[in-house]
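J.: This is the content of structure.tsv (TSV, C-alpha atoms and all ligand atoms):
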```tsv
chain	number	residue	atom	x	y	z
S	268	MET	CA	-14.16	-2.51	0.17
S	269	ARG	CA	-16.77	-3.63	-2.22
S	270	CYS	CA	-17.43	-1.92	-5.49
S	271	ALA	CA	-20.88	-1.14	-4.19
S	272	LEU	CA	-19.26	0.93	-1.48
S	273	ALA	CA	-17.30	2.92	-4.03
S	274	LEU	CA	-20.60	3.46	-5.75
S	275	ALA	CA	-22.06	4.61	-2.48
S	276	LEU	CA	-19.25	6.99	-1.71
S	277	VAL	CA	-19.28	8.81	-4.99
S	278	PRO	CA	-22.42	7.78	-6.79
S	279	VAL	CA	-21.84	10.00	-9.79
S	280	LEU	CA	-18.24	9.11	-10.42
S	281	VAL	CA	-18.00	5.37	-10.02
S	282	GLY	CA	-19.72	2.70	-12.02
S	283	CYS	CA	-19.74	-0.98	-11.19
S	284	SER	CA	-20.71	-2.68	-14.41
S	285	SER	CA	-17.92	-4.13	-16.46
S	286	SER	CA	-19.10	-2.13	-19.45
S	287	ALA	CA	-18.83	1.18	-17.60
S	288	PRO	CA	-15.69	3.26	-18.19
S	289	PRO	CA	-13.08	3.00	-15.46
S	290	PRO	CA	-13.56	5.51	-12.67
S	291	PRO	CA	-11.55	8.70	-12.69
S	292	ALA	CA	-8.94	8.77	-9.98
S	293	PRO	CA	-8.42	12.01	-8.10
S	294	GLU	CA	-5.02	12.15	-6.43
S	295	ALA	CA	-4.11	9.32	-8.77
S	296	PRO	CA	-0.69	8.96	-10.32
S	297	THR	CA	0.02	11.61	-12.92
S	298	ALA	CA	3.26	10.16	-14.17
S	299	SER	CA	3.29	7.30	-16.59
S	300	PRO	CA	4.13	4.09	-14.80
S	301	GLY	CA	7.84	3.45	-14.73
S	302	ALA	CA	8.74	7.11	-15.18
S	303	GLY	CA	10.90	8.59	-12.47
S	304	PRO	CA	14.46	8.76	-11.31
S	305	ALA	CA	16.93	6.73	-13.32
S	306	PRO	CA	18.22	3.48	-11.83
S	307	GLY	CA	20.68	4.14	-9.03
S	308	PRO	CA	24.21	2.80	-8.85
S	309	ASP	CA	22.84	-0.33	-7.17
S	310	GLY	CA	20.71	-1.08	-10.24
S	311	ARG	CA	17.42	-0.64	-8.44
S	312	ARG	CA	14.60	1.26	-10.14
S	313	TRP	CA	11.02	2.17	-9.40
S	314	VAL	CA	8.44	-0.22	-10.81
S	315	ALA	CA	4.68	0.27	-10.79
S	316	GLY	CA	1.94	-2.00	-9.51
S	317	ASP	CA	-1.39	-2.40	-7.77
S	318	LEU	CA	-1.43	-4.03	-4.33
S	319	HIS	CA	-5.17	-4.39	-3.88
S	320	LEU	CA	-7.03	-6.18	-6.62
S	321	HIS	CA	-10.00	-8.49	-6.14
S	322	ALA	CA	-10.12	-11.56	-8.30
S	323	ALA	CA	-12.35	-14.46	-9.33
S	324	PRO	CA	-12.89	-17.30	-8.76
S	325	ILE	CA	-12.69	-16.59	-5.02
S	326	ASP	CA	-14.40	-13.19	-5.44
S	327	ARG	CA	-16.89	-14.40	-8.04
S	328	GLY	CA	-19.73	-13.40	-5.72
S	329	ASP	CA	-18.60	-9.78	-5.97
S	330	GLY	CA	-18.43	-9.93	-9.74
S	331	ALA	CA	-14.64	-9.70	-9.77
S	332	ALA	CA	-12.73	-10.44	-12.95
S	333	GLY	CA	-10.62	-13.54	-13.49
S	334	LEU	CA	-6.88	-13.68	-13.97
S	335	PRO	CA	-6.77	-13.36	-17.81
S	336	ALA	CA	-8.87	-10.17	-17.78
S	337	LEU	CA	-6.83	-8.72	-14.92
S	338	VAL	CA	-3.58	-9.47	-16.73
S	339	ARG	CA	-4.92	-7.72	-19.83
S	340	ALA	CA	-5.96	-4.71	-17.75
S	341	ALA	CA	-2.61	-4.54	-15.97
S	342	THR	CA	-0.72	-4.84	-19.23
S	343	ALA	CA	-2.83	-2.08	-20.77
S	344	ALA	CA	-2.08	0.07	-17.71
S	345	ARG	CA	1.65	-0.66	-18.23
S	346	LEU	CA	2.08	-2.13	-14.78
S	347	ASP	CA	5.10	-4.19	-13.79
S	348	PHE	CA	3.29	-6.20	-11.12
S	349	VAL	CA	-0.03	-6.74	-9.38
S	350	VAL	CA	-1.02	-8.42	-6.14
S	351	LEU	CA	-4.24	-10.44	-6.20
S	352	THR	CA	-6.19	-9.93	-2.97
S	353	PRO	CA	-9.37	-12.02	-3.10
S	354	HIS	CA	-11.38	-11.89	0.09
S	355	LEU	CA	-10.95	-14.16	3.08
S	356	HIS	CA	-13.16	-13.85	6.14
S	357	PRO	CA	-12.69	-15.42	9.59
S	358	SER	CA	-15.98	-17.29	9.11
S	359	THR	CA	-14.43	-19.08	6.12
S	360	TRP	CA	-11.18	-19.74	7.94
S	361	ARG	CA	-12.95	-21.16	11.01
S	362	ASP	CA	-15.16	-23.57	9.05
S	363	PRO	CA	-13.14	-26.68	7.99
S	364	ALA	CA	-15.11	-27.38	4.80
S	365	ARG	CA	-15.17	-23.76	3.65
S	366	ARG	CA	-11.51	-23.36	4.52
S	367	ARG	CA	-10.65	-26.42	2.39
S	368	ARG	CA	-12.56	-24.97	-0.57
S	369	TRP	CA	-10.91	-21.56	-0.15
S	370	ILE	CA	-7.44	-23.09	0.07
S	371	ALA	CA	-8.06	-25.20	-3.05
S	372	GLU	CA	-9.17	-22.13	-5.01
S	373	TRP	CA	-6.32	-20.01	-3.63
S	374	ARG	CA	-3.79	-22.70	-4.54
S	375	ALA	CA	-5.12	-22.82	-8.12
S	376	THR	CA	-5.08	-19.01	-8.27
S	377	ALA	CA	-1.50	-18.90	-7.00
S	378	ALA	CA	-0.31	-21.47	-9.53
S	379	ALA	CA	-1.95	-19.58	-12.38
S	380	ALA	CA	-0.58	-16.25	-11.10
S	381	ARG	CA	2.97	-17.52	-10.93
S	382	ALA	CA	2.69	-18.98	-14.43
S	383	VAL	CA	1.97	-15.56	-15.98
S	384	ARG	CA	4.85	-14.21	-18.08
S	385	GLY	CA	5.55	-10.56	-18.85
S	386	LEU	CA	3.82	-9.35	-15.69
S	387	THR	CA	4.62	-10.33	-12.12
S	388	VAL	CA	1.43	-11.53	-10.43
S	389	ILE	CA	1.68	-12.11	-6.69
S	390	PRO	CA	-1.08	-14.16	-5.06
S	391	GLY	CA	-2.41	-12.88	-1.76
S	392	THR	CA	-5.64	-12.13	0.01
S	393	GLU	CA	-7.57	-9.38	1.77
S	394	TYR	CA	-8.32	-10.76	5.20
S	395	THR	CA	-11.41	-8.94	6.40
S	396	VAL	CA	-12.47	-8.96	10.03
S	397	HIS	CA	-15.69	-7.01	10.40
S	398	GLY	CA	-15.50	-4.47	13.20
S	399	TYR	CA	-11.71	-4.72	13.35
S	400	GLY	CA	-9.92	-4.21	10.05
S	401	HIS	CA	-8.99	-5.27	6.53
S	402	PHE	CA	-5.50	-6.58	5.75
S	403	GLY	CA	-3.61	-7.21	2.55
S	404	VAL	CA	-1.60	-10.41	3.04
S	405	TRP	CA	0.83	-11.82	0.46
S	406	GLY	CA	4.35	-13.03	-0.14
S	407	ALA	CA	3.97	-16.53	1.33
S	408	ASP	CA	2.20	-19.81	0.64
S	409	LEU	CA	-1.11	-18.99	2.27
S	410	ALA	CA	-2.40	-22.50	1.50
S	411	ALA	CA	0.17	-23.83	3.96
S	412	VAL	CA	-1.09	-21.72	6.87
S	413	THR	CA	-2.65	-23.91	9.55
S	414	ALA	CA	-2.98	-21.51	12.48
S	415	ALA	CA	-6.43	-20.68	13.81
S	416	ASP	CA	-5.35	-17.02	13.79
S	417	PHE	CA	-4.87	-16.54	10.03
S	418	LEU	CA	-3.11	-13.19	10.28
S	419	ALA	CA	-0.53	-14.40	12.78
S	420	GLY	CA	-0.09	-17.69	10.93
S	421	ALA	CA	0.42	-16.01	7.57
S	422	ARG	CA	2.97	-13.59	8.95
S	423	ALA	CA	4.80	-16.42	10.70
S	424	ALA	CA	4.90	-18.13	7.28
S	425	GLY	CA	6.67	-15.07	5.86
S	426	ALA	CA	3.77	-13.05	4.47
S	427	ALA	CA	3.80	-9.27	4.43
S	428	VAL	CA	0.77	-7.70	6.14
S	429	VAL	CA	-0.62	-4.29	5.19
S	430	VAL	CA	-3.59	-2.62	6.84
S	431	ASN	CA	-6.03	-1.56	4.11
S	432	HIS	CA	-8.04	1.70	3.98
S	433	PRO	CA	-7.45	2.25	7.72
S	434	PHE	CA	-9.49	5.46	7.88
S	435	ALA	CA	-12.49	4.44	5.75
S	436	GLU	CA	-14.97	5.75	8.27
S	437	PRO	CA	-18.64	6.29	7.47
S	438	THR	CA	-19.24	9.23	5.17
S	439	HIS	CA	-23.03	9.26	5.68
S	440	ILE	CA	-24.00	10.37	2.22
S	441	PRO	CA	-27.74	11.06	2.46
S	442	GLY	CA	-29.84	8.29	0.97
S	443	VAL	CA	-26.90	5.93	0.48
S	444	ARG	CA	-27.12	3.20	3.09
S	445	LEU	CA	-23.72	1.64	2.37
S	446	SER	CA	-21.94	4.90	3.16
S	447	ASP	CA	-22.93	4.35	6.78
S	448	TYR	CA	-20.57	1.36	7.03
S	449	ASP	CA	-17.32	1.61	8.96
S	450	LEU	CA	-14.52	-0.24	7.14
S	451	SER	CA	-11.73	1.45	9.07
S	452	PHE	CA	-9.00	-0.11	11.19
S	453	ARG	CA	-10.66	0.11	14.59
S	454	PRO	CA	-7.52	0.21	16.74
S	455	TRP	CA	-6.73	3.53	15.04
S	456	THR	CA	-10.22	4.97	14.63
S	457	ASP	CA	-11.93	3.59	17.71
S	458	ALA	CA	-9.11	2.56	20.08
S	459	ARG	CA	-10.62	-0.93	19.82
S	460	GLY	CA	-8.40	-4.03	19.58
S	461	PRO	CA	-4.66	-4.51	19.33
S	462	VAL	CA	-2.48	-3.36	16.43
S	463	PRO	CA	-1.00	-6.58	14.99
S	464	PRO	CA	2.45	-6.69	13.45
S	465	LEU	CA	2.19	-4.61	10.26
S	466	ASP	CA	4.57	-4.14	7.34
S	467	GLY	CA	2.66	-1.36	5.61
S	468	VAL	CA	-0.26	1.02	5.54
S	469	GLU	CA	-2.54	1.49	2.54
S	470	ALA	CA	-2.58	5.29	2.38
S	471	TRP	CA	-4.07	5.51	-1.10
S	472	ASN	CA	-7.17	3.46	-1.87
S	473	LEU	CA	-9.22	4.41	-4.89
S	474	PRO	CA	-12.66	4.44	-3.23
S	475	LEU	CA	-11.17	6.18	-0.19
S	476	ALA	CA	-9.53	8.82	-2.38
S	477	LEU	CA	-12.93	9.45	-3.91
S	478	ALA	CA	-14.49	9.58	-0.46
S	479	ASN	CA	-11.97	12.26	0.46
S	480	LEU	CA	-13.73	14.51	-2.03
S	481	VAL	CA	-16.97	14.47	-0.08
S	482	ALA	CA	-16.06	13.87	3.54
S	483	ARG	CA	-13.14	14.39	5.90
S	484	PRO	CA	-14.02	12.76	9.22
S	485	GLY	CA	-11.79	14.23	11.90
S	486	GLY	CA	-10.81	17.19	9.70
S	487	ALA	CA	-8.21	15.38	7.60
S	488	THR	CA	-8.39	13.14	4.57
S	489	GLY	CA	-8.10	9.41	5.02
S	490	GLU	CA	-4.76	9.59	3.25
S	491	GLU	CA	-3.39	12.27	5.57
S	492	ARG	CA	-4.45	10.26	8.59
S	493	ALA	CA	-2.98	7.06	7.14
S	494	LEU	CA	0.36	8.72	6.45
S	495	ALA	CA	0.46	10.10	9.99
S	496	ALA	CA	-0.38	6.67	11.41
S	497	ALA	CA	2.30	5.00	9.28
S	498	ASP	CA	4.86	7.54	10.46
S	499	GLN	CA	3.94	6.99	14.08
S	500	LEU	CA	4.04	3.22	13.65
S	501	ALA	CA	7.59	3.41	12.27
S	502	ARG	CA	8.86	5.63	15.08
S	503	THR	CA	7.11	3.92	18.00
S	504	ARG	CA	7.80	0.34	16.88
S	505	HIS	CA	11.25	1.13	15.45
S	506	GLN	CA	10.47	-0.70	12.24
S	507	PRO	CA	10.21	0.10	8.53
S	508	VAL	CA	6.69	0.80	7.29
S	509	ALA	CA	5.68	0.72	3.62
S	510	ILE	CA	3.30	3.37	2.35
S	511	VAL	CA	1.20	1.65	-0.29
S	512	GLY	CA	-1.75	2.16	-2.58
S	513	GLY	CA	-4.35	-0.04	-4.22
S	514	THR	CA	-7.31	0.33	-6.52
S	515	ASP	CA	-9.45	-2.10	-4.47
S	516	SER	CA	-10.83	-2.98	-7.89
S	517	HIS	CA	-13.62	-5.52	-8.13
S	518	ARG	CA	-13.67	-5.40	-11.93
S	519	ALA	CA	-11.24	-5.85	-14.84
S	520	TYR	CA	-9.71	-2.48	-14.05
S	521	THR	CA	-6.39	-1.50	-12.52
S	522	THR	CA	-3.98	1.41	-12.53
S	523	ALA	CA	-0.58	2.21	-11.08
S	524	ALA	CA	-1.10	2.63	-7.34
S	525	THR	CA	2.20	1.71	-5.68
S	526	TRP	CA	5.80	2.03	-6.83
S	527	VAL	CA	8.52	-0.16	-5.31
S	528	LEU	CA	12.29	0.10	-5.60
S	529	VAL	CA	13.74	-3.14	-6.94
S	530	ALA	CA	16.55	-4.48	-9.07
S	531	ASP	CA	14.39	-7.29	-10.45
S	532	VAL	CA	10.64	-7.48	-10.89
S	533	THR	CA	10.29	-10.78	-9.05
S	534	GLU	CA	7.88	-11.67	-6.28
S	535	GLN	CA	10.79	-12.06	-3.88
S	536	ALA	CA	12.30	-8.67	-4.72
S	537	ILE	CA	8.95	-6.87	-4.55
S	538	VAL	CA	8.05	-8.40	-1.19
S	539	ALA	CA	11.53	-7.59	0.15
S	540	ALA	CA	11.22	-3.96	-1.01
S	541	LEU	CA	7.81	-3.66	0.62
S	542	ARG	CA	9.13	-5.08	3.87
S	543	MET	CA	11.88	-2.46	3.96
S	544	GLY	CA	9.42	0.32	3.10
S	545	ALA	CA	10.93	1.20	-0.29
S	546	THR	CA	7.68	2.52	-1.73
S	547	CYS	CA	5.95	5.55	-3.26
S	548	ILE	CA	2.34	6.31	-4.05
S	549	GLY	CA	1.06	8.72	-6.66
S	550	GLY	CA	4.21	8.41	-8.77
S	551	PRO	CA	7.91	7.74	-8.31
S	552	GLU	CA	9.24	11.27	-8.90
S	553	ALA	CA	9.93	11.99	-5.23
S	554	GLY	CA	11.77	8.68	-5.03
S	555	ASP	CA	15.09	10.38	-5.70
S	556	LEU	CA	15.36	11.33	-2.01
S	557	VAL	CA	18.69	10.29	-0.54
S	558	ALA	CA	20.05	10.86	2.94
S	559	ARG	CA	23.29	10.57	4.86
S	560	GLY	CA	23.79	10.71	8.60
S	561	ASP	CA	26.88	12.12	10.28
S	562	ARG	CA	27.81	8.61	11.41
S	563	ASP	CA	27.60	7.18	7.90
S	564	PRO	CA	30.55	6.79	5.54
S	565	ALA	CA	31.00	9.94	3.45
S	566	ASP	CA	30.03	8.18	0.24
S	567	ARG	CA	27.02	6.26	1.52
S	568	TRP	CA	23.66	7.79	0.70
S	569	ALA	CA	20.54	5.94	1.84
S	570	ARG	CA	17.56	5.68	-0.49
S	571	ILE	CA	13.87	5.29	0.34
S	572	GLY	CA	13.43	2.33	2.67
S	573	GLU	CA	16.99	2.51	3.97
S	574	GLN	CA	18.41	3.81	7.22
S	575	VAL	CA	21.03	6.33	8.25
S	576	ALA	CA	23.01	6.68	11.48
S	577	ALA	CA	23.19	10.14	12.99
S	578	ALA	CA	24.45	11.63	16.24
S	579	ALA	CA	23.15	15.08	15.36
S	580	THR	CA	22.82	15.76	11.64
S	581	VAL	CA	21.13	14.18	8.64
S	582	GLU	CA	21.68	15.69	5.20
S	583	LEU	CA	18.93	15.11	2.65
S	584	ARG	CA	19.18	15.63	-1.11
S	585	TRP	CA	16.86	15.43	-4.10
S	586	GLN	CA	16.32	17.05	-7.48
S	587	GLY	CA	14.39	20.31	-7.80
S	588	ARG	CA	11.73	21.61	-5.46
S	589	ALA	CA	9.82	19.28	-3.13
S	590	ARG	CA	7.98	19.24	0.17
S	591	LEU	CA	9.58	17.43	3.10
S	592	PHE	CA	7.93	15.80	6.10
S	593	VAL	CA	10.13	15.14	9.14
S	594	ASP	CA	8.52	12.84	11.73
S	595	GLY	CA	5.22	13.41	9.99
S	596	VAL	CA	5.49	17.19	10.26
S	597	ASP	CA	5.43	19.31	7.11
S	598	VAL	CA	8.63	21.38	7.16
S	599	GLY	CA	7.79	23.11	3.88
S	600	GLU	CA	9.07	23.14	0.33
S	601	HIS	CA	12.80	23.23	-0.23
S	602	ASP	CA	15.08	23.25	-3.26
S	603	ALA	CA	17.28	20.22	-3.76
S	604	GLY	CA	17.91	19.43	-0.12
S	605	TYR	CA	17.61	20.03	3.60
S	606	VAL	CA	19.76	19.54	6.68
S	607	ASP	CA	18.17	18.23	9.86
S	608	ARG	CA	20.42	19.28	12.73
S	609	GLN	CA	18.27	17.66	15.43
S	610	ALA	CA	18.62	14.15	14.13
S	611	ALA	CA	19.66	12.28	17.27
S	612	GLY	CA	17.07	9.61	18.05
S	613	THR	CA	14.63	7.94	15.68
S	614	HIS	CA	13.30	10.03	12.80
S	615	THR	CA	11.47	9.59	9.51
S	616	TYR	CA	11.84	11.58	6.29
S	617	ARG	CA	9.19	11.56	3.60
S	618	LEU	CA	9.24	13.57	0.37
S	619	VAL	CA	6.37	14.89	-1.75
S	620	ARG	CA	6.73	16.28	-5.26
S	621	GLY	CA	3.47	17.01	-7.00
S	622	ALA	CA	1.34	13.89	-6.82
S	623	SER	CA	4.30	11.73	-5.82
S	624	ARG	CA	4.55	10.82	-2.12
S	625	CYS	CA	7.51	8.67	-1.14
S	626	GLY	CA	8.71	7.46	2.18
S	627	PHE	CA	10.45	6.77	4.38
S	628	VAL	CA	14.16	7.21	4.93
S	629	TYR	CA	14.85	6.43	8.59
S	630	ALA	CA	17.39	7.81	11.04
S	631	ASN	CA	18.54	5.59	13.93
S	632	LEU	CA	15.62	3.23	13.49
S	633	ALA	CA	17.12	0.53	15.68
S	634	GLY	CA	17.61	2.99	18.54
J	701	ZN	ZN	-10.71	-4.76	-0.98
J	702	ZN	ZN	-11.32	-3.80	2.31
```
Any chance you could give the structure as structure tokens?
T.:
Amino acid sequence: MRCALALALVPVLVGCSSSAPPPPAPEAPTASPGAGPAPGPDGRRWVAGDLHLHAAPIDRGDGAAGLPALVRAATAARLDFVVLTPHLHPSTWRDPARRRRWIAEWRATAAAARAVRGLTVIPGTEYTVHGYGHFGVWGADLAAVTAADFLAGARAAGAAVVVNHPFAEPTHIPGVRLSDYDLSFRPWTDARGPVPPLDGVEAWNLPLALANLVARPGGATGEERALAAADQLARTRHQPVAIVGGTDSHRAYTTAATWVLVADVTEQAIVAALRMGATCIGGPEAGDLVARGDRDPADRWARIGEQVAAAATVELRWQGRARLFVDGVDVGEHDAGYVDRQAAGTHTYRLVRGASRCGFVYANLAG
């Protein structure tokens, strides 16, 4: 999304000049980044980042900030990592001269990103196909991709692919032309086009969260629909799906939008955690969910992003009171745990505590 769209969606709340204060973030994380459950016995802990951040020089035309300003903003926001997602369009990829220029700028961006110390900066892109969808792509050397189909080529090269703001449908705010645009993922909103291999779903997007305040196409917020789609993707394709968030910032502004469960804050560890779906949005507090299936060893408790084996029963545990979703269905608030006695087959478990939404733990995912 462009900043102008955010402006269009909530004209009063969002400013686009670099001198304007950062926008408020409804449904935004309430916990300070890094807060949350203590490191587990495996040494992994929740670290905070932003997976959707536009950056100059590639996004200079949108007024995006350069790497030094973004690093300062991320450091001020106490983030552990950010993913740079400057735009890439099929028209650029198809044109040999424009593709060469893009690759040269991306390569320079990637080298500068990986040279940053004290903050993990992962170079990526937002691949935008008008009328189809927007995709966050990172975790591989995108400059080495040669395929005509960028998305397929990048994934074959090892990149993670996340569908961005999949339910950003037109909000039709009177007098605001840009709010008539459809930036959604058309296979899900319009039954148009195939669903490519996906590693994650951007359920929280700052402009989309703001749009949720003024419009709920289909009767549910974009986030609710994205979480349902992610759940369905996991169960129908029998694969992990990361629930992620991003500010979609086009300025020198960022905030904690995604938490990932890692032992080390390296690009490799973060990408691996995303690929297994070890993520939270809104805060890491619900990330203490653990689960054990009746076919698991008695002392093995799976964490977010992991899988359990169950013939009939899955036992879930967490601290305090939280809301549980089983297969995308809200089964209510429970204290400290829950037992699912109908756990044969493939199931997902997702926990919500306050603003923190974490998921999934999977039962019998390979089945
Ligand atoms: Zn974007
Ligand atoms: Zn976008």
J.: Applying 10 Å and only C-alpha atoms, which residues near Phe592 in chain S remain after dropping the ones on its own chain fewer than 5 positions away? List them as an MDAnalysis selection string.
T.: chainID S and resid 498 597:600 615:619 626:627
J.: Any chance you could export the current selection's C-alpha atoms as a compact mmCIF listing (two decimals), in the frame of the given file?
T.:
```txt
# COMPACT_ATOMS: atom_id res chain seq x y z
CA ASP S 498 4.86 7.54 10.46
CA ASP S 597 5.43 19.31 7.11
CA VAL S 598 8.63 21.38 7.16
CA GLY S 599 7.79 23.11 3.88
CA GLU S 600 9.07 23.14 0.33
CA THR S 615 11.47 9.59 9.51
CA TYR S 616 11.84 11.58 6.29
CA ARG S 617 9.19 11.56 3.60
CA LEU S 618 9.24 13.57 0.37
CA VAL S 619 6.37 14.89 -1.75
CA GLY S 626 8.71 7.46 2.18
CA PHE S 627 10.45 6.77 4.38
```
J.: Report as a VMD selection string all protein, DNA and RNA residues lying within 9 Å of Gly489 in chain S, evaluated on all atoms listed in the file, omitting residues in the same chain fewer than 5 positions from it.
T.: chain S and resid 432 to 436 470 to 471 475 to 476 478 to 479 483 to 484 494
J.: Generate a file of the selected residues that holds C-alpha atoms, formatted as a short mmCIF file (atom, residue, chain, number, x, y, z; two decimals), in the frame of the given file.
T.:
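Output below, filename selection_8.cif:
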```cif
data_model
loop_
_atom_site.label_atom_id
_atom_site.label_comp_id
_atom_site.auth_asym_id
_atom_site.auth_seq_id
_atom_site.Cartn_x
_atom_site.Cartn_y
_atom_site.Cartn_z
CA HIS S 432 -8.04 1.70 3.98
CA PRO S 433 -7.45 2.25 7.72
CA PHE S 434 -9.49 5.46 7.88
CA ALA S 435 -12.49 4.44 5.75
CA GLU S 436 -14.97 5.75 8.27
CA ALA S 470 -2.58 5.29 2.38
CA TRP S 471 -4.07 5.51 -1.10
CA LEU S 475 -11.17 6.18 -0.19
CA ALA S 476 -9.53 8.82 -2.38
CA ALA S 478 -14.49 9.58 -0.46
CA ASN S 479 -11.97 12.26 0.46
CA ARG S 483 -13.14 14.39 5.90
CA PRO S 484 -14.02 12.76 9.22
CA LEU S 494 0.36 8.72 6.45
#
```
J.: Any idea what's packed within 8 Å of range 575-582 of chain S, counting all atoms listed in the file, ignoring anything in its chain fewer than 6 positions away? Could you give it as a list of chain:residue names?
T.: S:Ala558, S:Arg559, S:Gly560, S:Asp561, S:Arg562, S:Asp563, S:Ala569, S:Gly604, S:Tyr605, S:Val606, S:Asp607, S:Arg608, S:Gln609, S:Ala610, S:Ala611, S:Gly612, S:Val628, S:Tyr629, S:Ala630, S:Asn631
J.: Find, counting all atoms listed in the file, the residue in S:Ile389, S:Leu320, S:Ala411, S:Val350 that gets nearest to ligand ZN 702 (chain J).
T.: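 Of all the options, S:Leu320 lies closest to ligand ZN 702 (chain J).
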J.: Which residue, S:Cys547, S:Leu355, S:Leu386, S:Ile325, has the smallest gap to ligand ZN 702 (chain J) when you use all atoms listed in the file?
T.: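 Smallest separation from ligand ZN 702 (chain J) among the options: S:Leu355.
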J.: Would you mind reading off the distance between CA of Gly587 in chain S and CA of Arg570 in chain S, one decimal, in Å?
T.: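 Between these atoms lies a distance of 16.7 Å.
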J.: What gap, in Å, lies between CA of Asp515 in chain S and CA of Glu573 in chain S?
T.: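 It comes out at 28.1 Å.
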J.: Could you jot down the CA of Gly460 in chain S to CA of Ala509 in chain S separation for me, Å, one decimal place?
T.: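 For CA of Gly460 in chain S relative to CA of Ala509 in chain S, the distance reads 21.8 Å.
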J.: Could you give me, as number ranges by chain, every polymer residue with an atom at most 8 Å away from an atom of ligand ZN 701 (chain J), counting all atoms listed in the file?
T.: S: 268-269, 319-321, 352-354, 393, 401, 431, 515-517
J.: Contacts of Asp347 in chain S at 7 Å or less, counting only C-alpha atoms, minus same-chain residues fewer than 3 places along, as JSON, numbers by chain?
T.: {"S": [314, 315, 316, 386, 387]}
J.: Considering all atoms listed in the file, return as a ChimeraX atom specification whatever protein or nucleic-acid residues lie within 12 Å of Val338 in chain S, sequence-local ones (same chain, fewer than 3 positions apart) excluded.
T.: /S:316-317,320,322,332-335,341-351,379-389,518-522
J.: Could you check which of S:Gly572, S:Gly398, S:Gly549, S:Pro454 is closest to ligand ZN 702 (chain J), using all atoms listed in the file?
T.: S:Gly398
J.: When you count all atoms listed in the file, which of these residues is closest to ligand ZN 702 (chain J): S:Ser358, S:Thr514, S:Thr488, S:Thr376?
T.: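 Among the listed residues, S:Thr514 lies closest to ligand ZN 702 (chain J).
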J.: Of the candidates S:Gly467, S:Gly400, S:Pro564, S:Pro551, which shows the shortest atom-to-atom distance to ligand ZN 702 (chain J), using only C-alpha atoms and all ligand atoms?
T.: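 Checking each candidate against ligand ZN 702 (chain J), we get S:Gly400 as the closest.
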J.: Find, counting all atoms listed in the file, the residue in S:Trp369, S:Asp449, S:Ala421, S:His439 that gets nearest to ligand ZN 702 (chain J).
T.: S:Asp449
J.: Give the centre and edge lengths of an axis-aligned box, in Å to one decimal, that holds all listed atoms of range 530-538 of chain S with 8 Å on each side, as lines of an AutoDock Vina configuration file.
T.:
```
center_x = 12.2
center_y = -8.3
center_z = -6.0
size_x = 24.7
size_y = 23.6
size_z = 25.7
```
